[in-house]
Amino acid sequence: MSSTTDLDAYMNGVGQAARAASVRMAAASTLAKNKALLALARRLREQGPALAEANARDLAAASGLDAPMRDRLKLTPAVIATVAEGCEQLAAMPDPIGEITGVKRRPTGISVGQMRVPLGVFGMIYESRPNVTIEAASLAIKSGNACILRGGSEAIHSNLALAQLVGDALEEAGLPRMAVQLINTTDRAAVGLLIAMPEYVDVIIPRGGKGLIERISLEAKVPVIKHLDGNCHSYVDAEVDLAQALTVVDNAKTQKYSPCNATESLLVHAAQAAAFLPQIGAIFAAKGVEMRGCPRTLALLGPLPGAKLAAATEADWSEEYLAPVISIKVVDSLDEAIAHINRYSSHHTDAILTTNHPNAMRFLREVDSASVMVNASTRFADGFEYGLGAEIGISTDKFHARGPVGLEGLTSMKWIVLGQGEVRQ
């Protein structure tokens with residue numbers, strides 16, 4: 001944009017087009033929405049080489065990015081296959097729009113219930129991760145919303161190529177192309193305008209680093225669905241299948257370091273510390289994972305050859321590393337583990353490894369996080385893995401949507417009243 005006036009006019013046009021498209025999307029048939037999703041999946045698979053070329057341009061210009069950001073920027077064949085499969089999953093899922101639930105007849109004769117409806121227009125602001133373009137678009141289509149996407153400048157060529165496929169798929173299905181719009185300028189001022197357009201945008205969903213999300217939350221004039229970071233915990237209980245716990249904790253930390261659902265902090269009950277920590281420590285040492293531990297942890301891991309060890313500071317208990325680093329603490333009880341997690345966790349995802357059913361149930365009830373798991377890797381905290389078809393992000397808020405935000409998270413419930421001429425006395 002050549003001037004602030006040009007940018008204002010552009011964003012105003014984007015907002016107007018989104019609002020108009022949202023009216024048509026809210027009335028769209030399930031058949032049309034599913035047709036668009038299947039067309040998008042087909043086009044993604046057909047256009048692999050062109051998408052790879054666009055992504056290569058972004059990667060070539062992103063040499064200065066840190067490793068986690070660069071990893072998220074990659075649009076590999078596996079990533080394309082996953083988002084295409086997500087579109088197909090969404091097409092196969094029931095359409096939530098128009099569903100009526102909880103209808104009850106009142107003594108006055110009226111029947112009162114709730115109907116699920118689209119939010120309207122959501123704005124999506126994200127860094128790296130061009131796959132988010134498809135995840136957001138596909139969820140918008142199925143949920144009957146319009147969306148305005150603002151990806152990071154580092155992924156502009158990948159996102160433009162993907163947005164072109166989305167628009168083509170919408171048109172093929174007879175739906176408005178402007179239902180999914182990608183802001184085509186890298187001017188950072190566009191973000192400030194997008195988050196301050198309540199006349200056009202109903203909710204903002206930021207997905208990126210903590211700094212981005214803090215800025216959006218502070219400056220937005222529309223509601224924000226967010227999580228700031230992912231300091232996820234795995235806790236090894238006093239009664240546990242050690243072999244299973246080793247496999248799960250290893251996966252939770254090392255399967256991929258950059259996602260927000262990777263385990264960043266490991267708690268181990270004192271009854272299992274001597275048996276478990278040297279074994280998991282050897283696995284981490286072999287993979288180059290730095291271990292920052294409490295004094296009891298360091299005493300047990302000290303003899304390990306080649307281990308990267310450091311004393312944990314107070315800051316480590318709250319840290320989201322997104323890297324081969326993990327904090328480790330020995331605790332004396334389930335109570336201490338739960339208290340530690342509720343104090344230091346980002347309330348994203350936390351897991352217990354245990355064979356004690358009452359302890360598992362206590363952990364599920366008392367850990368105050370969006371996803372709480374028993375005997376499973378925290379890496380499962382993902383909309384695709386939860387069967388949502390795709391996710392638009394993770395919410396650690398406690399209203400409306402919590403955890404992976406899929407179809408239902410992009411809808412709201414309105415009250416409906418069915419009568420036969422009743423009047424209030």
# chains A, B, ... in the order shown; residues from 1 in each chain; ligands from 1
call {"tool": "residues_around", "arguments": {"residues": "A:Val191", "least_positions_apart": "2", "cutoff": "12 Å", "atoms": "only C-alpha atoms", "output": "ChimeraX atom specification"}}
result
/A:7-8,11,123-126,148-153,183-189,193-197,204-206,212-213,215-216,219-221
call {"tool": "write_last_selection", "arguments": {"atoms": "N, CA, C and O atoms", "output": "tab-separated table (two decimals), in the first residue's frame"}}
result
chain	number	residue	atom	x	y	z
A	7	LEU	N	-4.24	1.87	2.67
A	7	LEU	CA	-4.39	0.69	3.53
A	7	LEU	C	-5.74	0.70	4.23
A	7	LEU	O	-6.42	-0.33	4.32
A	8	ASP	N	-6.16	1.87	4.72
A	8	ASP	CA	-7.48	1.98	5.36
A	8	ASP	C	-8.58	1.57	4.39
A	8	ASP	O	-9.50	0.83	4.74
A	11	MET	N	-8.46	-2.30	3.75
A	11	MET	CA	-8.98	-3.09	4.86
A	11	MET	C	-10.49	-2.90	5.02
A	11	MET	O	-11.21	-3.83	5.36
A	123	GLY	N	-11.39	-13.10	12.26
A	123	GLY	CA	-10.07	-12.73	11.75
A	123	GLY	C	-9.03	-13.66	12.33
A	123	GLY	O	-9.07	-13.97	13.53
A	124	MET	N	-8.13	-14.11	11.50
A	124	MET	CA	-7.08	-15.05	11.93
A	124	MET	C	-5.72	-14.41	11.67
A	124	MET	O	-5.42	-14.02	10.54
A	125	ILE	N	-4.91	-14.27	12.71
A	125	ILE	CA	-3.58	-13.68	12.59
A	125	ILE	C	-2.57	-14.73	13.05
A	125	ILE	O	-2.68	-15.25	14.17
A	126	TYR	N	-1.62	-15.06	12.19
A	126	TYR	CA	-0.72	-16.17	12.50
A	126	TYR	C	0.65	-15.95	11.89
A	126	TYR	O	0.81	-15.16	10.95
A	148	ILE	N	-11.11	-13.63	7.55
A	148	ILE	CA	-10.07	-12.77	7.01
A	148	ILE	C	-8.75	-13.27	7.60
A	148	ILE	O	-8.58	-13.29	8.83
A	149	LEU	N	-7.84	-13.68	6.75
A	149	LEU	CA	-6.58	-14.29	7.19
A	149	LEU	C	-5.43	-13.32	7.01
A	149	LEU	O	-5.28	-12.69	5.96
A	150	ARG	N	-4.60	-13.23	8.04
A	150	ARG	CA	-3.40	-12.41	7.94
A	150	ARG	C	-2.22	-13.26	8.40
A	150	ARG	O	-1.97	-13.39	9.60
A	151	GLY	N	-1.54	-13.87	7.44
A	151	GLY	CA	-0.36	-14.67	7.77
A	151	GLY	C	0.87	-13.79	7.91
A	151	GLY	O	0.85	-12.60	7.59
A	152	GLY	N	1.94	-14.39	8.39
A	152	GLY	CA	3.18	-13.65	8.55
A	152	GLY	C	3.83	-13.35	7.21
A	152	GLY	O	3.65	-14.07	6.23
A	153	SER	N	4.61	-12.27	7.17
A	153	SER	CA	5.29	-11.89	5.93
A	153	SER	C	6.25	-12.96	5.46
A	153	SER	O	6.51	-13.09	4.26
A	183	ILE	N	-5.21	-11.30	3.53
A	183	ILE	CA	-4.69	-9.94	3.39
A	183	ILE	C	-3.39	-10.01	2.60
A	183	ILE	O	-2.45	-10.70	3.01
A	184	ASN	N	-3.34	-9.32	1.48
A	184	ASN	CA	-2.23	-9.51	0.55
A	184	ASN	C	-1.10	-8.51	0.72
A	184	ASN	O	-0.23	-8.39	-0.14
A	185	THR	N	-1.11	-7.77	1.83
A	185	THR	CA	0.00	-6.87	2.12
A	185	THR	C	0.73	-7.36	3.37
A	185	THR	O	0.13	-7.92	4.28
A	186	THR	N	2.05	-7.15	3.39
A	186	THR	CA	2.85	-7.51	4.56
A	186	THR	C	2.99	-6.34	5.52
A	186	THR	O	3.71	-6.44	6.52
A	187	ASP	N	2.32	-5.24	5.24
A	187	ASP	CA	2.35	-4.06	6.10
A	187	ASP	C	1.78	-4.43	7.48
A	187	ASP	O	0.62	-4.85	7.59
A	188	ARG	N	2.59	-4.27	8.53
A	188	ARG	CA	2.15	-4.64	9.87
A	188	ARG	C	0.96	-3.82	10.35
A	188	ARG	O	0.21	-4.24	11.23
A	189	ALA	N	0.78	-2.63	9.76
A	189	ALA	CA	-0.35	-1.79	10.18
A	189	ALA	C	-1.68	-2.44	9.86
A	189	ALA	O	-2.70	-2.10	10.47
A	193	LEU	N	-5.43	-2.56	12.06
A	193	LEU	CA	-6.75	-2.24	11.52
A	193	LEU	C	-7.70	-3.42	11.64
A	193	LEU	O	-8.88	-3.25	11.98
A	194	LEU	N	-7.21	-4.63	11.36
A	194	LEU	CA	-8.06	-5.82	11.41
A	194	LEU	C	-8.67	-6.04	12.79
A	194	LEU	O	-9.83	-6.41	12.92
A	195	ILE	N	-7.86	-5.82	13.84
A	195	ILE	CA	-8.33	-6.11	15.20
A	195	ILE	C	-9.16	-4.97	15.77
A	195	ILE	O	-9.59	-5.04	16.92
A	196	ALA	N	-9.39	-3.93	14.96
A	196	ALA	CA	-10.16	-2.78	15.44
A	196	ALA	C	-11.32	-2.49	14.50
A	196	ALA	O	-11.67	-1.34	14.27
A	197	MET	N	-11.93	-3.56	13.94
A	197	MET	CA	-13.06	-3.40	13.03
A	197	MET	C	-14.27	-4.18	13.54
A	197	MET	O	-14.72	-5.14	12.91
A	204	ILE	N	-11.42	-12.34	16.89
A	204	ILE	CA	-10.04	-12.46	16.40
A	204	ILE	C	-9.40	-13.69	17.03
A	204	ILE	O	-9.55	-13.93	18.24
A	205	ILE	N	-8.69	-14.45	16.22
A	205	ILE	CA	-7.98	-15.63	16.72
A	205	ILE	C	-6.50	-15.49	16.33
A	205	ILE	O	-6.14	-15.69	15.18
A	206	PRO	N	-5.64	-15.13	17.29
A	206	PRO	CA	-4.21	-15.05	16.99
A	206	PRO	C	-3.54	-16.40	17.22
A	206	PRO	O	-3.89	-17.14	18.15
A	212	LEU	N	3.20	-11.73	19.90
A	212	LEU	CA	2.09	-11.42	19.00
A	212	LEU	C	0.77	-11.50	19.73
A	212	LEU	O	-0.07	-10.58	19.63
A	213	ILE	N	0.55	-12.55	20.48
A	213	ILE	CA	-0.74	-12.76	21.13
A	213	ILE	C	-0.97	-11.72	22.23
A	213	ILE	O	-2.09	-11.23	22.41
A	215	ARG	N	0.16	-8.68	22.18
A	215	ARG	CA	-0.16	-7.43	21.50
A	215	ARG	C	-1.61	-7.43	21.04
A	215	ARG	O	-2.35	-6.45	21.25
A	216	ILE	N	-2.05	-8.53	20.42
A	216	ILE	CA	-3.42	-8.61	19.93
A	216	ILE	C	-4.40	-8.47	21.10
A	216	ILE	O	-5.40	-7.74	21.01
A	219	GLU	N	-4.57	-4.77	22.27
A	219	GLU	CA	-5.03	-3.72	21.37
A	219	GLU	C	-6.39	-4.01	20.70
A	219	GLU	O	-7.00	-3.10	20.15
A	220	ALA	N	-6.85	-5.26	20.74
A	220	ALA	CA	-8.05	-5.62	19.98
A	220	ALA	C	-9.29	-4.93	20.53
A	220	ALA	O	-9.46	-4.77	21.74
A	221	LYS	N	-10.18	-4.54	19.62
A	221	LYS	CA	-11.47	-3.97	19.97
A	221	LYS	C	-12.60	-4.95	19.72
A	221	LYS	O	-13.77	-4.59	19.76
call {"tool": "closest_atom_pairs", "arguments": {"of": "stretch 318-339 of chain A", "to": "stretch 275-293 of chain A", "cutoff": "7 Å", "atoms": "only C-alpha atoms", "output": "Markdown table"}}
result
| residue | atom | partner | partner_atom | distance |
| --- | --- | --- | --- | --- |
| A:Pro324 | CA | A:Val289 | CA | 4.6 |
| A:Val325 | CA | A:Glu290 | CA | 4.6 |
| A:Ile326 | CA | A:Met291 | CA | 5.2 |
| A:Ser327 | CA | A:Arg292 | CA | 4.7 |
| A:Ile328 | CA | A:Gly293 | CA | 4.6 |
| A:Lys329 | CA | A:Gly293 | CA | 5.9 |
call {"tool": "residues_around", "arguments": {"residues": "A:Gly167", "least_positions_apart": "6", "cutoff": "12 Å", "atoms": "only C-alpha atoms", "output": "list in words"}}
result
Ala36, Leu37, Ala39, Leu40, Arg43, Thr133, Ile134, Ala137, Ser138, Ile141, Leu160, Ala161, Ala173, Gly174, Leu175, Pro176, Arg177, Met178, Ala179, Val180, Gln181 and Leu182 of chain A
call {"tool": "write_last_selection", "arguments": {"atoms": "N, CA and C atoms", "output": "PDB file, in the first residue's frame"}}
result
ATOM      1  N   ALA A  36     -17.249 -27.739  -1.580  1.00  0.00           N
ATOM      2  CA  ALA A  36     -16.094 -26.846  -1.541  1.00  0.00           C
ATOM      3  C   ALA A  36     -14.911 -27.493  -0.823  1.00  0.00           C
ATOM      4  N   LEU A  37     -15.175 -28.179   0.274  1.00  0.00           N
ATOM      5  CA  LEU A  37     -14.101 -28.828   1.038  1.00  0.00           C
ATOM      6  C   LEU A  37     -13.443 -29.941   0.228  1.00  0.00           C
ATOM      7  N   ALA A  39     -13.431 -30.189  -3.024  1.00  0.00           N
ATOM      8  CA  ALA A  39     -12.714 -29.549  -4.133  1.00  0.00           C
ATOM      9  C   ALA A  39     -11.383 -28.988  -3.660  1.00  0.00           C
ATOM     10  N   LEU A  40     -11.356 -28.440  -2.464  1.00  0.00           N
ATOM     11  CA  LEU A  40     -10.114 -27.903  -1.917  1.00  0.00           C
ATOM     12  C   LEU A  40      -9.107 -29.023  -1.659  1.00  0.00           C
ATOM     13  N   ARG A  43      -7.651 -30.078  -4.994  1.00  0.00           N
ATOM     14  CA  ARG A  43      -6.728 -29.086  -5.542  1.00  0.00           C
ATOM     15  C   ARG A  43      -5.400 -29.078  -4.781  1.00  0.00           C
ATOM     16  N   THR A 133      -3.512 -21.547   6.969  1.00  0.00           N
ATOM     17  CA  THR A 133      -4.372 -20.958   5.945  1.00  0.00           C
ATOM     18  C   THR A 133      -5.476 -21.932   5.549  1.00  0.00           C
ATOM     19  N   ILE A 134      -5.108 -23.192   5.353  1.00  0.00           N
ATOM     20  CA  ILE A 134      -6.094 -24.201   4.963  1.00  0.00           C
ATOM     21  C   ILE A 134      -6.950 -24.622   6.145  1.00  0.00           C
ATOM     22  N   ALA A 137      -9.424 -21.803   6.688  1.00  0.00           N
ATOM     23  CA  ALA A 137     -10.378 -21.716   5.584  1.00  0.00           C
ATOM     24  C   ALA A 137     -11.379 -22.863   5.614  1.00  0.00           C
ATOM     25  N   SER A 138     -10.890 -24.073   5.843  1.00  0.00           N
ATOM     26  CA  SER A 138     -11.775 -25.233   5.824  1.00  0.00           C
ATOM     27  C   SER A 138     -12.782 -25.184   6.971  1.00  0.00           C
ATOM     28  N   ILE A 141     -15.450 -22.602   6.146  1.00  0.00           N
ATOM     29  CA  ILE A 141     -16.412 -23.103   5.166  1.00  0.00           C
ATOM     30  C   ILE A 141     -17.443 -24.003   5.832  1.00  0.00           C
ATOM     31  N   LEU A 160      -0.395 -17.020  -0.285  1.00  0.00           N
ATOM     32  CA  LEU A 160      -1.098 -16.551  -1.479  1.00  0.00           C
ATOM     33  C   LEU A 160      -1.465 -17.722  -2.388  1.00  0.00           C
ATOM     34  N   ALA A 161      -0.534 -18.672  -2.543  1.00  0.00           N
ATOM     35  CA  ALA A 161      -0.808 -19.844  -3.384  1.00  0.00           C
ATOM     36  C   ALA A 161      -1.941 -20.683  -2.802  1.00  0.00           C
ATOM     37  N   ALA A 173     -17.931 -24.606  -5.927  1.00  0.00           N
ATOM     38  CA  ALA A 173     -19.105 -25.065  -5.178  1.00  0.00           C
ATOM     39  C   ALA A 173     -20.240 -24.047  -5.185  1.00  0.00           C
ATOM     40  N   GLY A 174     -20.069 -22.932  -5.909  1.00  0.00           N
ATOM     41  CA  GLY A 174     -21.115 -21.925  -5.960  1.00  0.00           C
ATOM     42  C   GLY A 174     -21.203 -21.056  -4.730  1.00  0.00           C
ATOM     43  N   LEU A 175     -20.121 -20.974  -3.975  1.00  0.00           N
ATOM     44  CA  LEU A 175     -20.081 -20.154  -2.763  1.00  0.00           C
ATOM     45  C   LEU A 175     -19.242 -18.906  -3.021  1.00  0.00           C
ATOM     46  N   PRO A 176     -19.426 -17.845  -2.227  1.00  0.00           N
ATOM     47  CA  PRO A 176     -18.709 -16.591  -2.489  1.00  0.00           C
ATOM     48  C   PRO A 176     -17.207 -16.718  -2.271  1.00  0.00           C
ATOM     49  N   ARG A 177     -16.446 -16.323  -3.261  1.00  0.00           N
ATOM     50  CA  ARG A 177     -14.988 -16.375  -3.164  1.00  0.00           C
ATOM     51  C   ARG A 177     -14.483 -15.544  -1.978  1.00  0.00           C
ATOM     52  N   MET A 178     -15.158 -14.456  -1.682  1.00  0.00           N
ATOM     53  CA  MET A 178     -14.717 -13.563  -0.619  1.00  0.00           C
ATOM     54  C   MET A 178     -15.043 -14.094   0.786  1.00  0.00           C
ATOM     55  N   ALA A 179     -15.576 -15.303   0.863  1.00  0.00           N
ATOM     56  CA  ALA A 179     -15.798 -15.898   2.181  1.00  0.00           C
ATOM     57  C   ALA A 179     -14.483 -16.168   2.890  1.00  0.00           C
ATOM     58  N   VAL A 180     -13.418 -16.366   2.136  1.00  0.00           N
ATOM     59  CA  VAL A 180     -12.080 -16.547   2.709  1.00  0.00           C
ATOM     60  C   VAL A 180     -11.145 -15.577   2.001  1.00  0.00           C
ATOM     61  N   GLN A 181     -10.667 -14.577   2.723  1.00  0.00           N
ATOM     62  CA  GLN A 181      -9.769 -13.581   2.147  1.00  0.00           C
ATOM     63  C   GLN A 181      -8.430 -13.582   2.885  1.00  0.00           C
ATOM     64  N   LEU A 182      -7.365 -13.567   2.129  1.00  0.00           N
ATOM     65  CA  LEU A 182      -6.024 -13.420   2.691  1.00  0.00           C
ATOM     66  C   LEU A 182      -5.574 -11.985   2.473  1.00  0.00           C
TER      67      LEU A 182
END
call {"tool": "residues_around", "arguments": {"residues": "stretch 345-359 of chain A", "least_positions_apart": "3", "cutoff": "7 Å", "atoms": "only C-alpha atoms", "output": "MDAnalysis selection string"}}
result
chainID A and resid 229:237 239:241 245 261 318 341:342 362:363 368:376 378 381 396
call {"tool": "residues_around", "arguments": {"residues": "A:Leu388", "least_positions_apart": "4", "cutoff": "10 Å", "atoms": "only C-alpha atoms", "output": "count of residues only"}}
result
13
call {"tool": "closest_residue", "arguments": {"among": "A:Ala190, A:Met25, A:Val132, A:Val222", "to": "A:Thr5", "atoms": "only C-alpha atoms"}}
result
A:Ala190
call {"tool": "closest_residue", "arguments": {"among": "A:Leu51, A:Leu410, A:Ala20, A:Leu31", "to": "A:Pro94", "atoms": "only C-alpha atoms"}}
result
A:Leu31
call {"tool": "closest_residue", "arguments": {"among": "A:Gln244, A:Ser63, A:Ser377, A:Gln16", "to": "A:Ala262", "atoms": "only C-alpha atoms"}}
result
A:Ser377
call {"tool": "select_by_dssp", "arguments": {"residues": "stretch 206-344 of chain A", "states": "strand (DSSP E or B)", "output": "ChimeraX atom specification"}}
result
/A:206-207,224,232-236,263-269,290-293,308-311,325-331
call {"tool": "closest_residue", "arguments": {"among": "A:Ala50, A:Ala311, A:Asp58, A:Tyr386", "to": "A:Ala299", "atoms": "only C-alpha atoms"}}
result
A:Ala311
call {"tool": "residues_around", "arguments": {"residues": "A:Ala274", "least_positions_apart": "6", "cutoff": "10 Å", "atoms": "only C-alpha atoms", "output": "list in words"}}
result
Val268, Arg296, Thr297, Ala299, Leu300, Leu301 and Val330 of chain A
call {"tool": "closest_residue", "arguments": {"among": "A:His269, A:Asn34, A:Ala61, A:Lys210", "to": "A:Lys142", "atoms": "only C-alpha atoms"}}
result
A:Asn34
call {"tool": "closest_residue", "arguments": {"among": "A:Leu242, A:Val201, A:Ala78, A:Ala54", "to": "A:Asn159", "atoms": "only C-alpha atoms"}}
result
A:Ala54
call {"tool": "atom_distance", "arguments": {"atom1": "atom CA of A:Lys74", "atom2": "atom CA of A:Val166"}}
result
19.1 Å
call {"tool": "residues_around", "arguments": {"residues": "A:Leu44", "least_positions_apart": "3", "cutoff": "7 Å", "atoms": "only C-alpha atoms", "output": "list in words"}}
result
Leu40, Ala41, Gln47, Gly48, Ile80 and Ala84 of chain A
